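Accompanying notes for the structure given below.
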Amino acid sequence: MSAQSIELIHSALGEAAAALDHVRRDSSVIGSIEAAGALLAQAFAAGQRAYSCGNGGSMCDAMHFAEELTGRFRRDRRPLAALAISDPGHLSCVANDFGYPQIFARFVQAHGRAGDVLLAISTSGTSANVLAAAEAARSLSMPVIALTGRPASPLGCLAQVEVCTPGGRFADRVQELHIKVIHVLIELVEHSLNLADPPA
């Protein structure tokens with residue numbers, strides 16, 4: 001392995017560690033994560049659903065969020081009603097008929113109910129289709145949790161709770177922080193609802 005490759009690896013890991021440490025030391029971010037976890041736990045306790053959406057890597061994070069809730073996180077427990085807006089048939093149909101900015105909003109309008117929660121993920125906080133989904137959720141009295149990477153973004157302004165994790169110049173660092181936040185949110189939900197079975 002070349003010295004340049006090793007330097008690149010150390011630099012990348014150092015940037016990631018610094019970004020995570022910044023979040024760990026920011027009490028406002030910690031407070032917003034706690035508030036988001038409480039909001040999700042309250043919804044699940046009341047028999048409501050969580051929906052999630054995002055583009056590209058953020059869609060992958062939205063899917064990961066949902067499958068950890070319907071499936072298994074660390075321990076066995078009952079499944080929780082969560083769904084990522086990621087069905088190719090729906091996405092391509094709506095994009096063709098109404099335009100790409102409506103792909104998430106139409107799903108929220110079709111399936112969302114008052115008291116359900118939308119986890120809206122956008123590293124920039126400006127994705128038009130995620131903004132439209134948040135607006136649709138608000139119109140249905142669905143609380144919105146925004147995962148963003150830039151303070152004072154349009155998406156953050158639409159959210160009941162915004163978890164903003166700036167990660168530097170590039171979206172990949174923000175995405176790395178978002179998956180950390182998602183895992184913590186699931187852990188908070190399980191702890192709050194006392195869902196996790198004790199270890200064997």
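Ligands are numbered from 1 in the order shown, residues from 1 within each chain, and chains are lettered A, B, ... in the order they appear in the structure tokens.
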
Quiz prompt | Which of chain A fall in helix (DSSP H, G or I), as a ChimeraX atom specification | solution = /A:3-24,27-45,57-70,88-98,100-111,128-139,154-158,171-193

Quiz item: Which neighbours of region 52-61 of chain A fall inside 9 Å, counting only C-alpha atoms, when residues of the same chain fewer than 2 positions from it are skipped, and could you give them as a PyMOL selection string?
Solution: chain A and resi 50+63-66+82-86+104+117-123+127+129-130+133+172+175+178-179+182

Contact residues around Ile33 (chain A) with only C-alpha atoms at 12 Å, ignoring same-chain residues under 5 positions, as a compact mmCIF listing (two decimals) with C-alpha atoms, in the first residue's frame:
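The resulting file, part-v5.txt, is shown below:
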# COMPACT_ATOMS: atom_id res chain seq x y z
CA VAL A 23 -22.08 16.21 17.26
CA ARG A 24 -21.27 14.55 20.59
CA ASP A 26 -23.28 19.86 20.76
CA SER A 27 -25.96 19.83 23.44
CA SER A 28 -28.58 21.19 21.06
CA ALA A 38 -39.50 10.54 22.29
CA LEU A 39 -41.75 11.60 19.41
CA LEU A 40 -41.30 8.25 17.67
CA ILE A 145 -38.63 14.76 12.07
CA ALA A 146 -36.00 16.22 9.75
CA LEU A 147 -32.48 14.84 9.41
CA VAL A 161 -37.98 18.30 15.41
CA GLU A 162 -34.85 18.90 13.35
CA VAL A 163 -31.67 16.91 13.90
CA CYS A 164 -29.01 18.87 12.05
CA THR A 165 -25.58 17.24 11.81
CA LEU A 177 -23.73 11.04 10.95
CA HIS A 178 -27.31 10.41 9.87
CA LYS A 180 -25.51 7.11 13.66
CA VAL A 181 -28.53 9.23 14.57
CA ILE A 182 -30.92 6.65 13.09
CA HIS A 183 -29.41 3.86 15.16
CA VAL A 184 -29.64 5.98 18.30
CA LEU A 185 -33.29 6.81 17.55
CA ILE A 186 -34.14 3.11 17.29
CA GLU A 187 -32.30 2.40 20.52
CA LEU A 188 -34.20 5.23 22.23
CA VAL A 189 -37.52 3.83 20.98

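Closest to Glu176 (chain A) among A:Ser5, A:Val94, A:Ala41, A:Ala18 is A:Ala18, based on only C-alpha atoms.
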
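Taking CA of Arg169 (chain A) and CA of Ser124 (chain A) as endpoints, the distance between them is 10.8 Å.
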
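Between CA of Arg113 (chain A) and CA of Arg77 (chain A) the separation is 24.8 Å.
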
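With distances restricted to only C-alpha atoms, A:Pro143 is the closest residue to Gln42 (chain A) from A:Gly14, A:Pro88, A:Pro143, A:Pro166.
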
Quiz item: So what do you get for CA of Arg173 (chain A) versus CA of Glu15 (chain A), distance-wise?
Solution: 8.0 Å

Practice problem: DSSP on the backbone, then: every residue of region 59-170 of chain A marked strand (DSSP E or B), written as number ranges by chain. | Solution: A: 82-84, 117-121, 144-148, 161-164

Writing out the chosen residues with C-alpha atoms as a tab-separated table (two decimals), in the first residue's frame:
chain	number	residue	atom	x	y	z
A	82	ALA	CA	-42.48	1.66	9.80
A	83	LEU	CA	-42.28	2.02	6.03
A	84	ALA	CA	-39.79	3.73	3.73
A	117	VAL	CA	-44.62	10.44	11.97
A	118	LEU	CA	-42.54	11.30	8.90
A	119	LEU	CA	-38.76	11.00	9.07
A	120	ALA	CA	-37.62	13.29	6.25
A	121	ILE	CA	-33.95	12.97	5.31
A	144	VAL	CA	-42.13	15.68	10.92
A	145	ILE	CA	-38.63	14.76	12.07
A	146	ALA	CA	-36.00	16.22	9.75
A	147	LEU	CA	-32.48	14.84	9.41
A	148	THR	CA	-30.41	17.56	7.74
A	161	VAL	CA	-37.98	18.30	15.41
A	162	GLU	CA	-34.85	18.90	13.35
A	163	VAL	CA	-31.67	16.91	13.90
A	164	CYS	CA	-29.01	18.87	12.05

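Shortest atom-to-atom contact with Arg49 (chain A) among A:Val108, A:Ala152, A:Leu91, A:Ala171: A:Val108, counting only C-alpha atoms.
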
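The closest residue to Leu20 (chain A), picked from A:Gly168, A:Gly71, A:Leu193, A:Cys93 and counting only C-alpha atoms, is A:Gly168.
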